$ cat target_20.txt   # compact mmCIF, C-alpha atoms
# COMPACT_ATOMS: atom_id res chain seq x y z
CA MET A 413 101.02 102.87 83.58
CA ARG A 414 98.50 100.11 84.15
CA ARG A 415 100.47 98.03 86.61
CA LEU A 416 102.94 98.77 89.37
CA LEU A 417 106.20 97.22 88.23
CA PHE A 418 108.95 96.97 90.80
CA SER A 419 111.74 98.58 88.79
CA ILE A 420 113.16 96.52 85.90
CA TYR A 421 113.57 93.41 87.99
CA ILE A 422 110.24 91.77 87.22
CA CYS A 423 109.50 93.24 83.80
CA LEU A 424 110.45 89.92 82.18
CA PHE A 425 108.84 87.57 84.68
CA PHE A 426 105.04 87.66 84.62
CA ILE A 427 102.37 85.05 85.18
CA LEU A 428 100.02 83.72 82.56
CA SER A 429 96.51 85.19 82.70
CA VAL A 430 94.64 83.23 80.06
CA ALA A 431 91.27 81.89 81.11
CA SER A 432 91.64 78.86 78.84
CA TYR A 433 94.89 77.79 80.57
CA ALA A 434 93.43 74.47 81.71
CA GLU A 435 92.77 73.53 78.09
CA VAL A 436 96.44 73.82 77.12
CA ILE A 437 98.68 70.76 77.15
CA ASP A 438 102.34 71.48 77.92
CA ARG A 439 104.72 70.88 75.04
CA VAL A 440 108.23 71.70 73.83
CA VAL A 441 108.31 75.06 72.05
CA ALA A 442 112.06 75.42 71.55
CA ILE A 443 115.41 73.70 71.99
CA VAL A 444 118.49 75.79 72.82
CA ASN A 445 121.64 73.66 72.84
CA ASP A 446 121.03 71.22 75.73
CA ASP A 447 118.07 73.11 77.19
CA ILE A 448 114.44 72.45 76.37
CA ILE A 449 111.88 75.28 76.61
CA THR A 450 108.31 74.20 77.28
CA LEU A 451 105.13 76.15 76.77
CA LYS A 452 104.76 76.55 80.53
CA ASP A 453 108.29 77.95 80.76
CA LEU A 454 107.39 80.54 78.18
CA GLU A 455 104.08 81.31 79.88
CA LYS A 456 105.92 82.21 83.08
CA TYR A 457 108.21 84.51 81.12
CA ILE A 458 105.46 86.61 79.67
CA GLN A 459 101.94 87.70 80.39
CA ILE A 460 99.33 86.82 77.80
CA GLU A 461 96.01 88.62 77.99
CA LYS A 462 93.15 86.69 76.50
CA GLN A 463 91.73 88.38 73.41
CA GLY A 464 88.73 86.24 72.62
CA LYS A 465 88.26 82.52 73.11
CA TYR A 466 90.66 80.19 71.36
CA VAL A 467 88.83 77.49 69.44
CA SER A 468 91.73 75.03 69.44
CA ILE A 469 95.09 74.37 71.01
CA ASN A 470 96.82 74.87 67.66
CA GLU A 471 95.33 78.34 67.43
CA TYR A 472 96.76 79.08 70.88
CA TYR A 473 100.21 77.95 69.78
CA ARG A 474 100.06 80.32 66.83
CA ASN A 475 99.35 83.27 69.11
CA ILE A 476 101.51 86.16 67.88
CA LYS A 477 102.50 87.21 71.39
CA LEU A 478 104.25 83.89 71.99
CA LYS A 479 106.18 84.30 68.76
CA GLU A 480 107.14 87.85 69.63
CA LYS A 481 108.50 86.91 73.05
CA ILE A 482 110.21 83.58 72.49
CA ASP A 483 113.33 85.19 70.98
CA HIS A 484 113.84 87.18 74.18
CA PHE A 485 113.43 84.02 76.23
CA ILE A 486 115.97 82.19 74.04
CA ASP A 487 118.43 85.05 74.62
CA ASP A 488 117.88 84.62 78.35
CA VAL A 489 118.60 80.88 78.14
CA LEU A 490 121.80 81.57 76.19
CA ILE A 491 122.91 84.03 78.87
CA ARG A 492 122.24 81.47 81.63
CA GLN A 493 124.27 78.90 79.70
CA GLN A 494 127.16 81.37 79.45
CA ALA A 495 126.92 82.06 83.18
CA LYS A 496 127.39 78.36 83.83
CA LYS A 497 130.45 78.24 81.56
CA LEU A 498 131.95 81.31 83.23
CA LYS A 499 131.07 79.96 86.70
CA ILE A 500 129.05 83.07 87.52
CA GLU A 501 126.49 82.50 90.28
CA VAL A 502 123.86 84.46 92.15
CA THR A 503 123.21 83.39 95.74
CA ASP A 504 120.02 83.65 97.77
CA LYS A 505 121.78 86.30 99.85
CA ASP A 506 122.28 88.39 96.70
CA VAL A 507 118.57 88.18 95.92
CA ASP A 508 117.59 89.01 99.51
CA LEU A 509 119.68 92.20 99.28
CA ILE A 510 117.94 93.14 96.02
CA ILE A 511 114.52 92.64 97.62
CA GLU A 512 115.55 94.81 100.58
CA GLY A 513 116.54 97.50 98.10
CA ILE A 514 113.18 97.26 96.35
CA LYS A 515 111.31 97.62 99.65
CA LYS A 516 113.37 100.66 100.63
CA GLN A 517 112.95 102.26 97.21
CA HIS A 518 109.18 101.87 97.29
CA LEU A 519 108.75 102.47 101.03
CA ILE A 520 106.97 99.17 101.63
CA THR A 521 107.26 96.32 104.10
CA ASP A 522 107.79 92.66 103.30
CA ARG A 523 104.08 92.02 103.89
CA GLU A 524 103.08 94.89 101.59
CA LEU A 525 105.42 93.60 98.88
CA LYS A 526 103.84 90.15 99.01
CA GLU A 527 100.34 91.64 99.01
CA GLN A 528 101.17 93.71 95.94
CA LEU A 529 102.57 90.69 94.13
CA LYS A 530 99.38 88.80 94.99
CA LYS A 531 97.29 91.61 93.49
CA GLU A 532 99.37 91.39 90.32
CA ASN A 533 98.89 87.58 90.24
CA ILE A 534 102.65 87.07 90.59
CA ASP A 535 103.76 84.07 92.63
CA TYR A 536 106.44 85.05 95.18
CA LYS A 537 108.64 82.12 94.19
CA ASP A 538 108.47 83.15 90.53
CA PHE A 539 109.22 86.74 91.55
CA TYR A 540 112.25 85.56 93.54
CA ASN A 541 113.54 83.40 90.71
CA GLY A 542 112.98 86.25 88.28
CA LEU A 543 115.18 88.54 90.35
CA LYS A 544 117.85 85.87 90.48
CA SER A 545 117.70 85.36 86.71
CA ASN A 546 117.90 89.08 85.94
CA HIS A 547 120.81 89.60 88.35
CA LEU A 548 122.64 86.68 86.79
CA ARG A 549 122.07 88.25 83.39
CA SER A 550 123.49 91.56 84.65
CA ARG A 551 126.62 89.86 85.96
CA VAL A 552 127.26 88.06 82.69
CA ILE A 553 126.79 91.29 80.74
CA ALA A 554 129.13 93.12 83.12
CA ARG A 555 131.76 90.41 82.63
CA VAL A 556 131.66 89.97 78.87
CA VAL A 557 130.09 93.16 77.52
CA SER A 558 130.67 96.20 79.72
CA ALA A 559 134.03 95.41 81.29
CA GLU A 560 136.31 97.12 78.76
CA ILE A 561 134.32 100.17 77.69
CA LEU A 562 136.62 103.21 77.75
CA VAL A 563 135.15 106.69 77.32
CA THR A 564 137.52 109.54 76.53
CA GLU A 565 137.12 113.14 77.64
CA ASP A 566 136.68 114.20 74.01
CA ARG A 567 133.81 111.76 73.57
CA LEU A 568 132.11 113.04 76.72
CA LYS A 569 132.33 116.65 75.54
CA GLU A 570 131.15 115.68 72.05
CA TYR A 571 128.05 114.02 73.52
CA TYR A 572 127.38 117.05 75.70
CA ASN A 573 127.59 119.46 72.75
CA ASN A 574 125.45 117.23 70.49
CA HIS A 575 122.71 116.79 73.13
CA ILE A 576 122.81 120.23 74.69
CA ASN A 577 119.03 120.48 75.23
CA GLU A 578 119.08 117.37 77.39
CA PHE A 579 121.12 119.23 79.97
CA ARG A 580 118.79 122.10 80.76
CA GLU A 581 116.96 122.29 84.08
CA ASP A 582 113.48 122.32 82.56
CA GLU A 583 110.62 123.10 84.91
CA TYR A 584 106.93 122.22 84.86
CA LYS A 585 104.18 124.27 86.45
CA LEU A 586 101.78 121.61 87.70
CA GLN A 587 98.54 120.80 89.43
CA GLN A 588 98.06 117.38 90.95
CA ILE A 589 95.26 115.12 92.07
CA PHE A 590 96.68 112.36 94.25
CA ILE A 591 94.81 109.34 95.62
CA SER A 592 96.84 107.51 98.27
CA ASN A 593 97.12 103.74 97.88
CA LYS A 594 96.43 103.49 101.62
CA LYS A 595 92.86 104.52 100.91
CA LYS A 596 90.29 101.76 100.41
CA ASP A 597 89.28 101.36 96.73
CA ALA A 598 91.95 103.88 95.69
CA ASN A 599 91.90 102.60 92.11
CA LYS A 600 88.13 103.07 91.79
CA ILE A 601 88.35 106.58 93.24
CA ALA A 602 91.11 107.49 90.78
CA LEU A 603 89.03 106.27 87.84
CA LYS A 604 86.02 108.21 89.12
CA VAL A 605 88.15 111.35 89.40
CA TYR A 606 89.43 110.89 85.84
CA SER A 607 85.86 110.46 84.65
CA LEU A 608 84.80 113.69 86.37
CA LEU A 609 87.57 115.58 84.59
CA GLY A 610 86.43 114.09 81.31
CA GLU A 611 82.93 115.38 82.01
CA GLY A 612 84.33 118.90 82.30
CA MET A 613 84.56 119.39 86.06
CA PRO A 614 87.37 121.93 86.76
CA PHE A 615 90.67 120.34 87.79
CA SER A 616 90.96 122.59 90.87
CA ASP A 617 87.50 121.62 92.10
CA VAL A 618 88.18 117.91 91.70
CA ALA A 619 91.51 118.29 93.52
CA ARG A 620 89.89 120.09 96.45
CA GLU A 621 87.23 117.40 96.82
CA TYR A 622 89.19 114.20 96.19
CA SER A 623 92.96 114.73 96.39
CA ASP A 624 95.01 113.42 99.32
CA ASP A 625 97.89 115.78 98.49
CA PRO A 626 98.63 118.58 101.01
CA THR A 627 98.02 121.05 98.17
CA ALA A 628 94.39 119.92 97.78
CA SER A 629 93.08 123.08 99.43
CA LEU A 630 94.98 125.08 96.80
CA GLY A 631 93.36 123.14 93.97
CA GLY A 632 96.36 120.84 93.71
CA ASP A 633 98.73 123.67 92.74
CA LEU A 634 102.33 122.37 92.97
CA GLY A 635 103.91 125.47 91.48
CA TYR A 636 107.09 125.00 89.44
CA VAL A 637 108.77 121.59 89.72
CA LYS A 638 112.11 120.67 88.16
CA LYS A 639 111.72 117.90 85.60
CA ASP A 640 114.60 115.91 87.08
CA ASP A 641 113.01 115.99 90.54
CA LEU A 642 110.00 113.97 89.33
CA ILE A 643 109.91 110.21 89.73
CA PRO A 644 110.13 108.31 86.40
CA GLU A 645 106.43 107.41 86.19
CA LEU A 646 105.34 111.05 86.47
CA LYS A 647 108.05 112.28 84.12
CA GLU A 648 106.94 109.72 81.53
CA GLY A 649 103.29 110.75 81.86
CA LEU A 650 104.10 114.43 81.35
CA SER A 651 106.31 113.73 78.33
CA VAL A 652 103.30 112.97 76.11
CA ILE A 653 101.00 115.92 76.93
CA LEU A 654 100.91 119.62 76.08
CA PRO A 655 100.42 122.66 78.36
CA GLY A 656 96.76 123.01 79.32
CA THR A 657 96.08 119.26 79.31
CA TYR A 658 96.28 116.57 81.97
CA THR A 659 97.73 113.08 82.12
CA HIS A 660 95.97 109.75 82.35
CA VAL A 661 95.85 108.08 85.77
CA ILE A 662 99.46 107.31 86.67
CA ARG A 663 100.13 104.56 89.18
CA THR A 664 103.21 104.82 91.41
CA PRO A 665 104.33 103.07 94.60
CA TYR A 666 102.55 105.81 96.54
CA GLY A 667 99.15 105.76 94.87
CA TYR A 668 97.40 107.26 91.83
CA HIS A 669 98.26 110.60 90.28
CA ILE A 670 96.73 112.86 87.65
CA LEU A 671 98.90 115.83 86.69
CA LYS A 672 97.84 118.91 84.78
CA LEU A 673 100.60 120.69 82.89
CA LEU A 674 100.03 124.43 83.14
CA GLU A 675 103.34 125.61 81.73
CA GLU A 676 106.66 124.20 80.58
CA LYS A 677 109.69 126.42 81.12
CA LYS A 678 113.11 125.85 79.59
CA GLY A 679 115.77 126.14 82.25
CA ASP A 680 119.39 127.21 82.26
CA LEU A 681 122.07 125.01 80.75
CA ILE A 682 123.72 122.74 83.32
CA PRO A 683 127.53 123.12 83.19
CA TYR A 684 129.45 120.24 81.62
CA GLU A 685 131.35 119.36 84.81
CA GLN A 686 128.08 118.84 86.70
CA VAL A 687 126.73 116.29 84.21
CA LYS A 688 130.01 114.66 83.19
CA THR A 689 129.36 111.54 85.29
CA ARG A 690 125.79 111.25 83.98
CA ILE A 691 127.05 111.47 80.38
CA HIS A 692 129.65 108.80 81.06
CA GLU A 693 126.98 106.44 82.43
CA ARG A 694 124.75 107.10 79.42
CA ILE A 695 127.51 106.39 76.90
CA VAL A 696 128.47 103.20 78.71
CA GLN A 697 124.81 102.12 78.63
CA ILE A 698 124.51 102.83 74.90
CA GLU A 699 127.76 101.04 74.13
CA SER A 700 126.79 98.12 76.37
CA GLU A 701 123.48 97.66 74.55
CA LYS A 702 125.30 97.68 71.22
CA ARG A 703 127.87 95.13 72.39
CA TYR A 704 125.16 93.03 74.00
CA LYS A 705 123.35 92.71 70.66
CA GLU A 706 126.60 91.70 68.98
CA PHE A 707 127.34 89.21 71.78
CA ILE A 708 123.91 87.61 71.55
CA GLU A 709 124.21 87.37 67.77
CA LYS A 710 127.51 85.48 68.14
CA LEU A 711 125.96 83.14 70.72
CA ARG A 712 123.05 82.44 68.41
CA LYS A 713 125.33 81.67 65.47
CA SER A 714 127.38 79.24 67.54
CA SER A 715 124.37 77.52 69.16
CA TYR A 716 121.83 74.94 68.15
CA ILE A 717 118.41 76.61 68.25
CA GLU A 718 115.18 75.03 67.09
CA VAL A 719 111.87 76.87 67.53
CA LYS A 720 108.75 74.73 67.35
CA ILE A 721 106.04 77.41 67.37

$ encode --input "target_20.txt" --output "structure tokens"
Amino acid sequence: MRRLLFSIYICLFFILSVASYAEVIDRVVAIVNDDIITLKDLEKYIQIEKQGKYVSINEYYRNIKLKEKIDHFIDDVLIRQQAKKLKIEVTDKDVDLIIEGIKKQHLITDRELKEQLKKENIDYKDFYNGLKSNHLRSRVIARVVSAEILVTEDRLKEYYNNHINEFREDEYKLQQIFISNKKKDANKIALKVYSLLGEGMPFSDVAREYSDDPTASLGGDLGYVKKDDLIPELKEGLSVILPGTYTHVIRTPYGYHILKLLEEKKGDLIPYEQVKTRIHERIVQIESEKRYKEFIEKLRKSSYIEVKI
């Protein structure tokens, strides 16, 4: 994971990082009912990494990444319009509570949060507005999409039986190299460590010399760890490697991690009653996504939408 993303809240609200920004003249890129979307609006919605120098403004407008993302932005505008019709609002107090939750989740202070946003080139005001927009979207979806989803006991048991391997307490035997983000130049150290591994230096030796984990003296040996006890970033990194190999550098709120998977062990089946609530939440999520797509499609069909890219 190349960037630290604070949960899902800011995944749709990045800042433009194109060096030729000053050359671009703002213009209308879409009309959605009574709302006008400008190029700058769209730029704030996505992050565009420069891939070579654009020779003209028209070439910039034809950039495939803008075309890929504008549909998502239009959906967002449609949702905001529906919120207005339904008189659904998000207050500053609501957003402040969300930010407090983010700080607690990632064990950071207000100052550290703002410093991290600055490193990511994210303006705090844009970050704040992005949280408000996403929370508004969630409330609309909860009102019109998720409100009437009923899940029967038979459906819960059917899901459990059809996805039985998802409910085993799998364990990983791991080694870890951890570089704390409190250390100066932590990113550079992590990249150096990864390079040393690539050159063939034994994982245990690198861990002993560079890792900030308490297990460093043991060569980073974590022993067996339950898959569900890992934070999402680490779980995702391990999902794409095989025993005997190690992950890329994984960035988390705590620092930089490299994990070596020594062994993967299938665990015992978790009883149905223990995962019943989790299954219910998963089915509701799946059904909500399906209904959301249907809802957006209806909004699109009943709206005036003109894309000018």

$ residues_around --input "target_20.txt" --residues "Asp680 of chain A" --least-positions-apart "5" --cutoff "8 Å" --atoms "all atoms listed in the file" --output "ChimeraX atom specification"
/A:580-582

$ residues_around --input "target_20.txt" --residues "Arg690 of chain A" --least-positions-apart "6" --cutoff "12 Å" --atoms "all atoms listed in the file" --output "list in words"
Leu568, Lys569, Tyr571, Tyr572, Glu578, Phe579, Ile682, Tyr684, Val696 and Gln697 of chain A

$ residues_around --input "target_20.txt" --residues "Phe590 of chain A" --least-positions-apart "2" --cutoff "9 Å" --atoms "only C-alpha atoms" --output "PDB file with C-alpha atoms, in the frame of the given file"
ATOM      1  CA  GLN A 588      98.060 117.380  90.950  1.00  0.00           C
ATOM      2  CA  SER A 592      96.840 107.510  98.270  1.00  0.00           C
ATOM      3  CA  ALA A 602      91.110 107.490  90.780  1.00  0.00           C
ATOM      4  CA  ALA A 619      91.510 118.290  93.520  1.00  0.00           C
ATOM      5  CA  TYR A 622      89.190 114.200  96.190  1.00  0.00           C
ATOM      6  CA  SER A 623      92.960 114.730  96.390  1.00  0.00           C
ATOM      7  CA  ASP A 624      95.010 113.420  99.320  1.00  0.00           C
ATOM      8  CA  ASP A 625      97.890 115.780  98.490  1.00  0.00           C
ATOM      9  CA  ALA A 628      94.390 119.920  97.780  1.00  0.00           C
ATOM     10  CA  GLY A 632      96.360 120.840  93.710  1.00  0.00           C
ATOM     11  CA  GLY A 667      99.150 105.760  94.870  1.00  0.00           C
ATOM     12  CA  TYR A 668      97.400 107.260  91.830  1.00  0.00           C
ATOM     13  CA  HIS A 669      98.260 110.600  90.280  1.00  0.00           C
ATOM     14  CA  ILE A 670      96.730 112.860  87.650  1.00  0.00           C
ATOM     15  CA  LEU A 671      98.900 115.830  86.690  1.00  0.00           C
TER      16      LEU A 671
END

$ closest_residue --input "target_20.txt" --among "A:Ile511, A:Val652, A:Ile491, A:Val444" --to "Tyr704 of chain A" --atoms "all atoms listed in the file"
A:Ile491

$ atom_distance --input "target_20.txt" --atom1 "atom CA of Asp487 of chain A" --atom2 "atom CA of Ile708 of chain A"
6.8 Å

$ closest_residue --input "target_20.txt" --among "A:Ile449, A:Ala554, A:Ile500, A:Leu509" --to "Val719 of chain A" --atoms "all atoms listed in the file"
A:Ile449

$ closest_residue --input "target_20.txt" --among "A:Gln587, A:Asn599, A:Thr564, A:Asn593" --to "Pro614 of chain A" --atoms "only C-alpha atoms"
A:Gln587

$ residues_around --input "target_20.txt" --residues "Val502 of chain A" --least-positions-apart "3" --cutoff "9 Å" --atoms "only C-alpha atoms" --output "PyMOL selection string"
chain A and resi 505-507+544-545+547-548+551

$ write_last_selection --input "target_20.txt" --atoms "C-alpha atoms" --output "mmCIF file, in the coordinates of the input"
data_model
loop_
_atom_site.group_PDB
_atom_site.id
_atom_site.type_symbol
_atom_site.label_atom_id
_atom_site.label_comp_id
_atom_site.auth_asym_id
_atom_site.auth_seq_id
_atom_site.Cartn_x
_atom_site.Cartn_y
_atom_site.Cartn_z
ATOM 1 C CA LYS A 505 121.780 86.300 99.850
ATOM 2 C CA ASP A 506 122.280 88.390 96.700
ATOM 3 C CA VAL A 507 118.570 88.180 95.920
ATOM 4 C CA LYS A 544 117.850 85.870 90.480
ATOM 5 C CA SER A 545 117.700 85.360 86.710
ATOM 6 C CA HIS A 547 120.810 89.600 88.350
ATOM 7 C CA LEU A 548 122.640 86.680 86.790
ATOM 8 C CA ARG A 551 126.620 89.860 85.960
#

$ atom_distance --input "target_20.txt" --atom1 "atom CA of Gln494 of chain A" --atom2 "atom CA of Asp538 of chain A"
21.8 Å

$ closest_residue --input "target_20.txt" --among "A:Ile482, A:Ser651, A:Val441, A:Ile643" --to "Arg663 of chain A" --atoms "only C-alpha atoms"
A:Ile643
